[in-house]
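**Student:** Just one file: my_file12.cif, with mmCIF, C-alpha atoms and all ligand atoms.
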data_run
#
loop_
_atom_site.label_atom_id
_atom_site.label_comp_id
_atom_site.auth_asym_id
_atom_site.auth_seq_id
_atom_site.Cartn_x
_atom_site.Cartn_y
_atom_site.Cartn_z
CA MET N 172 -138.78 -32.81 -185.37
CA TRP N 173 -139.75 -29.25 -185.74
CA GLU N 174 -138.89 -25.91 -184.47
CA ARG N 175 -140.66 -22.61 -184.82
CA ARG N 176 -138.54 -19.56 -185.35
CA GLY N 177 -139.54 -16.07 -186.44
CA GLY N 178 -142.88 -17.14 -187.91
CA HIS N 179 -141.46 -20.18 -189.72
CA VAL N 180 -141.63 -23.87 -189.03
CA ASP N 181 -138.46 -25.84 -189.67
CA VAL N 182 -139.45 -29.36 -190.54
CA THR N 183 -136.89 -32.09 -191.12
CA GLU N 184 -139.42 -34.89 -191.58
CA PRO N 185 -142.24 -33.49 -193.67
CA GLY N 186 -145.66 -34.96 -193.14
CA ARG N 187 -144.82 -36.35 -189.76
CA ALA N 188 -146.79 -34.97 -186.85
CA PRO N 189 -144.99 -34.27 -183.59
CA SER N 190 -144.98 -37.16 -181.08
CA SER N 191 -147.90 -37.22 -178.64
CA ALA N 192 -145.53 -36.17 -175.86
CA GLY N 193 -144.62 -33.14 -177.93
CA ALA N 194 -148.13 -32.41 -179.23
CA ALA N 195 -149.26 -30.34 -176.26
CA ASP N 196 -146.06 -28.36 -176.42
CA PHE N 197 -146.49 -27.91 -180.16
CA LEU N 198 -150.02 -26.58 -179.69
CA ALA N 199 -148.87 -24.30 -176.88
CA ARG N 200 -146.53 -22.60 -179.36
CA PHE N 201 -149.65 -21.48 -181.20
CA ASP N 202 -151.30 -20.25 -178.02
CA GLY N 203 -153.78 -23.12 -178.19
CA ASP N 204 -154.98 -22.05 -181.65
CA LEU N 205 -155.59 -25.51 -183.12
CA GLU N 206 -156.50 -24.14 -186.55
CA ALA N 207 -153.20 -22.27 -186.84
CA ALA N 208 -151.23 -25.31 -185.65
CA ILE N 209 -152.94 -27.56 -188.23
CA ALA N 210 -152.39 -24.97 -190.96
CA ALA N 211 -148.70 -24.87 -190.05
CA LEU N 212 -148.39 -28.66 -190.26
CA ARG N 213 -150.27 -28.71 -193.58
CA ALA N 214 -148.12 -25.93 -194.97
CA ALA N 215 -145.01 -27.85 -193.95
CA ALA N 216 -146.13 -31.31 -195.07
CA GLY N 217 -148.48 -30.72 -197.98
CA THR N 218 -146.07 -29.87 -200.75
CA GLY N 219 -144.49 -33.34 -201.04
CA THR N 220 -141.10 -31.68 -201.37
CA PRO N 221 -138.54 -31.96 -198.59
CA ALA N 222 -139.70 -28.96 -196.63
CA THR N 223 -137.09 -26.84 -194.95
CA THR N 224 -138.61 -23.57 -193.86
CA ALA N 225 -142.29 -23.44 -194.72
CA PRO N 226 -144.00 -20.11 -194.11
CA ILE N 227 -146.94 -20.37 -191.78
CA PRO N 228 -149.92 -18.12 -191.35
CA THR N 229 -149.53 -15.86 -188.33
CA PRO N 230 -151.40 -17.60 -185.53
CA ARG N 231 -154.50 -15.73 -184.51
CA ARG N 232 -153.85 -15.21 -180.85
CA PRO N 233 -156.69 -14.63 -178.48
CA ALA N 234 -156.38 -11.07 -177.16
CA ARG N 235 -154.61 -11.00 -173.77
CA PRO N 236 -156.90 -9.49 -171.19
CA ARG N 237 -155.75 -6.06 -170.04
CA SER N 238 -155.00 -5.59 -166.36
CA GLY N 239 -157.33 -2.58 -166.12
CA ARG N 240 -154.72 -0.69 -164.06
CA ALA N 241 -153.48 2.20 -166.16
CA LEU N 242 -149.74 2.84 -166.05
CA ILE N 243 -149.84 5.49 -168.77
CA ASP N 244 -152.70 7.94 -169.19
CA VAL N 245 -152.35 10.51 -171.96
CA THR N 246 -155.00 13.16 -172.58
CA ASP N 247 -155.25 15.48 -175.59
CA LEU N 248 -151.49 15.56 -176.03
CA ARG N 249 -150.08 18.10 -178.48
CA LYS N 250 -146.55 18.81 -179.55
CA THR N 251 -145.58 21.61 -181.88
CA TYR N 252 -141.99 22.05 -183.03
CA THR N 253 -140.90 25.44 -184.26
CA VAL N 254 -138.19 25.53 -186.88
CA GLY N 255 -137.46 29.11 -187.92
CA ARG N 256 -140.88 30.45 -188.85
CA GLN N 257 -142.31 27.04 -189.55
CA LYS N 258 -144.52 25.26 -187.04
CA ILE N 259 -144.70 21.47 -187.19
CA GLN N 260 -147.63 19.85 -185.47
CA ALA N 261 -146.07 16.49 -184.54
CA LEU N 262 -148.91 15.46 -182.20
CA ASP N 263 -152.35 16.95 -182.64
CA GLY N 264 -154.49 15.75 -179.72
CA VAL N 265 -153.54 12.21 -178.73
CA SER N 266 -155.38 10.44 -175.91
CA LEU N 267 -154.62 6.88 -174.84
CA THR N 268 -154.33 4.56 -171.88
CA ILE N 269 -151.79 1.76 -171.54
CA ASP N 270 -152.17 -0.72 -168.70
CA GLU N 271 -149.63 -2.26 -166.35
CA GLY N 272 -148.17 -5.36 -167.94
CA GLU N 273 -149.25 -4.50 -171.49
CA PHE N 274 -146.96 -4.87 -174.49
CA VAL N 275 -147.97 -2.20 -177.01
CA ALA N 276 -146.60 -1.41 -180.48
CA LEU N 277 -146.79 2.15 -181.84
CA VAL N 278 -146.90 2.04 -185.63
CA GLY N 279 -147.49 4.51 -188.46
CA ALA N 280 -145.83 6.10 -191.45
CA SER N 281 -142.60 8.05 -191.14
CA GLY N 282 -143.33 11.46 -189.61
CA SER N 283 -146.65 10.36 -188.05
CA GLY N 284 -145.41 11.25 -184.54
CA LYS N 285 -144.43 7.87 -183.04
CA SER N 286 -141.02 8.87 -181.67
CA THR N 287 -142.38 12.20 -180.43
CA LEU N 288 -145.08 10.35 -178.48
CA LEU N 289 -142.56 7.88 -177.05
CA GLN N 290 -140.23 10.70 -175.97
CA LEU N 291 -143.05 12.57 -174.25
CA ILE N 292 -144.21 9.43 -172.44
CA GLY N 293 -140.60 8.92 -171.38
CA GLY N 294 -140.30 12.49 -170.08
CA LEU N 295 -137.44 13.22 -172.50
CA ASP N 296 -139.29 16.25 -173.87
CA LYS N 297 -142.14 18.51 -172.73
CA PRO N 298 -145.58 18.63 -174.38
CA SER N 299 -146.94 21.84 -175.88
CA ALA N 300 -150.35 21.00 -174.37
CA GLY N 301 -152.18 18.09 -172.78
CA ARG N 302 -151.46 15.76 -169.89
CA ILE N 303 -149.21 12.71 -169.49
CA VAL N 304 -149.57 10.67 -166.32
CA VAL N 305 -147.10 7.80 -165.84
CA ASP N 306 -147.44 5.60 -162.75
CA GLY N 307 -149.58 8.29 -161.12
CA ALA N 308 -147.14 11.16 -161.77
CA ASP N 309 -148.06 14.11 -163.99
CA ILE N 310 -144.71 14.14 -165.78
CA GLY N 311 -145.52 17.02 -168.17
CA ARG N 312 -145.53 19.35 -165.18
CA MET N 313 -142.60 17.89 -163.25
CA ARG N 314 -139.50 19.95 -162.66
CA ASP N 315 -136.37 18.70 -164.43
CA ALA N 316 -134.49 17.37 -161.38
CA LYS N 317 -137.53 15.46 -160.09
CA LEU N 318 -138.31 14.22 -163.59
CA SER N 319 -134.79 12.90 -164.02
CA THR N 320 -135.01 10.92 -160.75
CA PHE N 321 -138.45 9.63 -161.74
CA ARG N 322 -137.21 8.57 -165.18
CA ASN N 323 -134.23 6.75 -163.75
CA SER N 324 -136.32 4.75 -161.30
CA THR N 325 -139.44 4.08 -163.37
CA ILE N 326 -138.47 3.95 -167.05
CA GLY N 327 -135.95 1.95 -169.05
CA PHE N 328 -135.03 3.05 -172.58
CA VAL N 329 -133.96 0.87 -175.51
CA PHE N 330 -132.98 2.51 -178.79
CA GLN N 331 -132.11 1.28 -182.26
CA PHE N 332 -128.42 2.11 -181.96
CA PHE N 333 -127.95 0.68 -178.46
CA TYR N 334 -125.88 3.59 -177.05
CA LEU N 335 -123.51 1.26 -175.23
CA GLN N 336 -120.20 2.79 -174.14
CA PRO N 337 -117.63 1.30 -176.54
CA PHE N 338 -114.79 1.24 -173.98
CA LEU N 339 -116.73 -0.52 -171.21
CA GLN N 340 -117.19 -4.25 -170.74
CA LEU N 341 -120.76 -5.52 -171.02
CA VAL N 342 -121.11 -5.96 -167.26
CA THR N 343 -120.03 -2.36 -166.60
CA ASN N 344 -122.23 -1.04 -169.41
CA THR N 345 -125.18 -2.79 -167.78
CA GLU N 346 -124.35 -1.21 -164.42
CA VAL N 347 -124.41 2.39 -165.71
CA PRO N 348 -128.04 3.26 -164.71
CA GLY N 349 -127.29 1.90 -161.21
CA MET N 350 -124.29 4.23 -160.97
CA PHE N 351 -126.60 7.19 -161.65
CA ALA N 352 -129.11 5.88 -159.13
CA GLY N 353 -126.36 5.52 -156.51
CA THR N 354 -126.80 1.76 -156.00
CA LYS N 355 -123.98 0.08 -154.07
CA ARG N 356 -121.31 -1.57 -156.20
CA GLY N 357 -121.70 -5.18 -154.93
CA PRO N 358 -125.48 -5.58 -155.36
CA ARG N 359 -125.32 -3.53 -158.56
CA ARG N 360 -122.82 -5.89 -160.15
CA GLU N 361 -124.70 -8.95 -158.93
CA HIS N 362 -127.94 -7.67 -160.45
CA ALA N 363 -126.19 -6.72 -163.71
CA LEU N 364 -124.78 -10.25 -164.00
CA SER N 365 -128.18 -11.82 -163.35
CA LEU N 366 -129.76 -9.66 -166.08
CA ILE N 367 -126.93 -10.52 -168.47
CA ASP N 368 -127.72 -14.15 -167.74
CA GLU N 369 -131.44 -13.56 -168.38
CA VAL N 370 -130.73 -12.13 -171.81
CA GLY N 371 -128.41 -15.06 -172.57
CA LEU N 372 -125.07 -13.22 -172.63
CA THR N 373 -123.21 -14.65 -169.63
CA GLU N 374 -120.29 -15.70 -171.79
CA ARG N 375 -120.01 -12.13 -173.10
CA ALA N 376 -120.02 -10.37 -169.71
CA LYS N 377 -116.39 -9.26 -170.09
CA HIS N 378 -116.68 -8.36 -173.78
CA ARG N 379 -116.80 -4.87 -175.21
CA PRO N 380 -119.62 -3.86 -177.61
CA ARG N 381 -117.43 -4.14 -180.74
CA GLU N 382 -116.90 -7.81 -179.95
CA MET N 383 -120.63 -8.52 -180.09
CA SER N 384 -123.21 -8.90 -182.86
CA GLY N 385 -126.08 -6.44 -183.40
CA GLY N 386 -128.58 -8.79 -181.73
CA GLN N 387 -126.24 -9.31 -178.78
CA MET N 388 -125.76 -5.56 -178.40
CA GLN N 389 -129.50 -5.03 -178.43
CA ARG N 390 -129.95 -7.70 -175.75
CA ALA N 391 -127.20 -5.97 -173.76
CA ALA N 392 -129.05 -2.65 -174.12
CA ILE N 393 -132.22 -4.33 -172.82
CA ALA N 394 -130.35 -5.77 -169.80
CA ARG N 395 -129.02 -2.27 -169.06
CA ALA N 396 -132.52 -0.75 -169.40
CA LEU N 397 -133.82 -3.24 -166.82
CA LEU N 398 -131.16 -2.59 -164.17
CA ASN N 399 -133.24 -0.21 -162.06
CA ARG N 400 -136.26 -2.57 -162.27
CA PRO N 401 -138.37 -0.11 -164.28
CA LYS N 402 -142.15 -0.49 -164.44
CA LEU N 403 -142.03 0.77 -168.00
CA LEU N 404 -139.73 -0.17 -170.88
CA LEU N 405 -139.76 2.20 -173.88
CA ALA N 406 -138.17 0.97 -177.08
CA ASP N 407 -137.66 3.03 -180.26
CA GLU N 408 -137.13 0.80 -183.31
CA PRO N 409 -135.38 -1.87 -181.21
CA THR N 410 -135.16 -4.25 -184.18
CA GLY N 411 -134.54 -1.56 -186.80
CA ASN N 412 -131.11 -2.81 -187.86
CA LEU N 413 -131.51 -6.50 -187.03
CA ASP N 414 -132.49 -9.35 -189.33
CA SER N 415 -135.97 -10.77 -188.79
CA VAL N 416 -134.87 -13.91 -186.89
CA THR N 417 -132.75 -11.84 -184.47
CA GLY N 418 -135.60 -9.31 -184.25
CA ALA N 419 -137.96 -12.13 -183.22
CA THR N 420 -135.62 -13.07 -180.36
CA ILE N 421 -135.86 -9.47 -179.10
CA MET N 422 -139.67 -9.80 -179.19
CA ASP N 423 -139.34 -13.08 -177.23
CA LEU N 424 -137.35 -11.16 -174.65
CA PHE N 425 -139.96 -8.39 -174.37
CA GLU N 426 -142.68 -11.02 -173.86
CA GLN N 427 -140.56 -12.71 -171.19
CA ILE N 428 -139.98 -9.39 -169.40
CA ARG N 429 -143.71 -8.63 -169.49
CA ASP N 430 -144.65 -12.10 -168.24
CA GLU N 431 -142.01 -12.48 -165.53
CA SER N 432 -141.87 -8.94 -164.11
CA GLY N 433 -145.21 -7.45 -165.22
CA THR N 434 -143.23 -4.70 -166.96
CA THR N 435 -145.18 -2.57 -169.43
CA VAL N 436 -143.44 -2.47 -172.82
CA VAL N 437 -144.12 0.27 -175.40
CA MET N 438 -142.29 -0.15 -178.68
CA VAL N 439 -142.13 2.04 -181.79
CA THR N 440 -141.67 -0.02 -184.93
CA HIS N 441 -142.01 0.16 -188.71
CA ASP N 442 -142.09 -3.60 -188.89
CA GLU N 443 -145.63 -5.04 -188.97
CA GLU N 444 -144.31 -8.55 -188.21
CA MET N 445 -142.72 -7.29 -184.98
CA ALA N 446 -145.83 -5.20 -184.17
CA ALA N 447 -147.97 -8.34 -184.50
CA ARG N 448 -146.08 -9.80 -181.53
CA ALA N 449 -147.45 -7.07 -179.22
CA ASP N 450 -150.69 -7.38 -177.25
CA ARG N 451 -152.04 -4.27 -178.93
CA THR N 452 -151.11 -2.01 -181.80
CA ILE N 453 -151.72 1.74 -181.70
CA ARG N 454 -151.52 3.35 -185.12
CA LEU N 455 -150.66 7.01 -185.62
CA ARG N 456 -151.36 9.13 -188.67
CA ASP N 457 -150.50 12.83 -188.98
CA GLY N 458 -150.13 13.20 -185.21
CA LEU N 459 -153.42 11.49 -184.39
CA ILE N 460 -154.42 7.97 -183.36
CA VAL N 461 -156.20 6.05 -186.10
CA PRO N 462 -159.43 4.66 -184.59
CA GLN N 463 -159.33 0.85 -184.26
CA GLU N 464 -161.67 -1.30 -186.29
CA VAL N 465 -164.17 -2.96 -183.99
CA PRO N 466 -164.37 -6.68 -184.87
CA ALA N 467 -167.85 -7.68 -186.17
N1 LIG N 501 -136.77 18.07 -182.87
C1 LIG N 501 -137.58 18.32 -183.88
N2 LIG N 501 -137.63 19.53 -184.43
C2 LIG N 501 -138.47 19.80 -185.46
N3 LIG N 501 -139.32 18.90 -186.00
C3 LIG N 501 -139.31 17.68 -185.48
C4 LIG N 501 -138.46 17.32 -184.40
N4 LIG N 501 -138.68 16.03 -184.09
C5 LIG N 501 -139.63 15.59 -184.94
N5 LIG N 501 -140.01 16.57 -185.77
C6 LIG N 501 -141.06 16.50 -186.80
O1 LIG N 501 -142.26 16.06 -186.18
C7 LIG N 501 -142.95 15.13 -187.00
C8 LIG N 501 -143.09 13.81 -186.26
O2 LIG N 501 -141.79 13.26 -186.11
P1 LIG N 501 -141.51 11.88 -185.37
O3 LIG N 501 -140.05 11.68 -185.34
O4 LIG N 501 -142.25 11.84 -184.10
O5 LIG N 501 -142.20 10.86 -186.39
P2 LIG N 501 -142.04 9.28 -186.48
O6 LIG N 501 -143.41 8.75 -186.76
O7 LIG N 501 -141.32 8.76 -185.32
O8 LIG N 501 -141.14 9.17 -187.78
P3 LIG N 501 -140.05 8.05 -188.20
O9 LIG N 501 -140.83 6.77 -188.33
O10 LIG N 501 -139.53 8.54 -189.51
O11 LIG N 501 -139.01 8.01 -187.12
C9 LIG N 501 -142.15 15.03 -188.28
O12 LIG N 501 -142.71 15.91 -189.22
C10 LIG N 501 -140.76 15.48 -187.88
O13 LIG N 501 -140.07 16.05 -188.95
#
Once you've parsed the file, please lay out its structure as structure tokens.
Ligand SMILES: Nc1ncnc2c1ncn2[C@@H]1O[C@H](COP(=O)(O)OP(=O)(O)OP(=O)(O)O)[C@@H](O)[C@H]1O

**Tutor:**
Amino acid sequence: MWERRGGHVDVTEPGRAPSSAGAADFLARFDGDLEAAIAALRAAAGTGTPATTAPIPTPRRPARPRSGRALIDVTDLRKTYTVGRQKIQALDGVSLTIDEGEFVALVGASGSGKSTLLQLIGGLDKPSAGRIVVDGADIGRMRDAKLSTFRNSTIGFVFQFFYLQPFLQLVTNTEVPGMFAGTKRGPRREHALSLIDEVGLTERAKHRPREMSGGQMQRAAIARALLNRPKLLLADEPTGNLDSVTGATIMDLFEQIRDESGTTVVMVTHDEEMAARADRTIRLRDGLIVPQEVPA
């Protein structure tokens, strides 16, 4: 009798291993990492006290192989903001590649340039110098009208504060990107309802945002971002105002989206626990990528 949630194991019968029928499933939860599974059982059973939520070491997951097909290719990207006479170098020569089907976390101290990088990758702002290629398109050089069409068809955005329309029901909120894309009403609604089902909100389809919790609103925002079947999902602090258990369910959803649709997910986060759920972490400092340690 156990359940793993948000990096914790809930054990109602301490010291008792899962049944053999459940053992394979139990191990699968640790991505086959036997050591981590044993450590979790020990941590839960070893104290002799009736364990409730015993912290477990983060399972060491084997790195997921990258697809090798770049969806995002950024070269020597620079962004300078000018405020009055002051120049702020937000990005100072960033180069990176993110593959199709990768789930990447962008981390770094406040002001290191994470949101700026995400906005440039999403074509929401123009670079001062450098190149950004997304799905084969050089978006830094695209004209606004073309860029807007490209964004709408290729990229879904998820932000910390959801940006749901307060006066619209969830199903209509989810349909909004399809309205901009000119999708017919019938198929649009059908698709919105299937996405709402995928994020577990079927019973809330007719509810307005104020009738939902923060986690539900974030799941709604993710359903909306997926409406136009984007190849790329960009998320800026998607768990920023959620508790850690609810935040973990959003990470589950991102993993599911990556696995089921091959969608690339790029997420900015301050939260190292959430970042650890990604396939790869890219760390920024002072507008530059911090070189990764190469494992010995
Ligand atoms: N529109 C803007 N005008 C002027 N300066 C800006 C603008 N946007 C960002 N900056 C500055 O650029 C730098 C990078 O900001 P950015 O928001 O990308 O950092 P961040 O790593 O996302 O920070 P945080 O984690 O606090 O959101 C900061 O010094 C910030 O003040």

**Student:** Point out the residue among N:Thr440, N:Thr452, N:Ser415, N:Ser319 with the least atom-to-atom distance to ligand LIG 501 (chain N), counting only C-alpha atoms and all ligand atoms.

**Tutor:**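 Looking only at the distances to ligand LIG 501 (chain N), the closest residue turns out to be N:Thr440.
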
**Student:** All residues within 9 Å of ligand LIG 501 (chain N) are required, counting all atoms listed in the file; please report them as a ChimeraX atom specification.

**Tutor:** /N:250-254,258-262,277-290,407-408,439-441,455-458

**Student:** Can you tell me, as lines of an AutoDock Vina configuration file, the centre and edge lengths (Å, one decimal) of the axis-aligned box enclosing all of region 393-410 of chain N's listed atoms after padding each side by 3 Å?

**Tutor:**
center_x = -135.6
center_y = -1.4
center_z = -173.1
size_x = 19.1
size_y = 14.8
size_z = 28.1

**Student:** Find the residues near Leu242 (chain N): any atom within 9 Å, counting all atoms listed in the file, skip ones fewer than 6 places away on the same chain, and give them as JSON, numbers by chain.

**Tutor:** {"N": [268, 269, 270, 271, 272, 304, 305, 306, 307, 402, 403, 435]}

**Student:** Region 335-346 of chain N: which residues within 6 Å, counting all atoms listed in the file, same-chain residues fewer than 3 positions away excluded, as a list in words?

**Tutor:**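 Close residues of region 335-346 of chain N: Gly349, Ala363, Ala376, Lys377, His378, Arg379, Pro380 and Arg395 of chain N.
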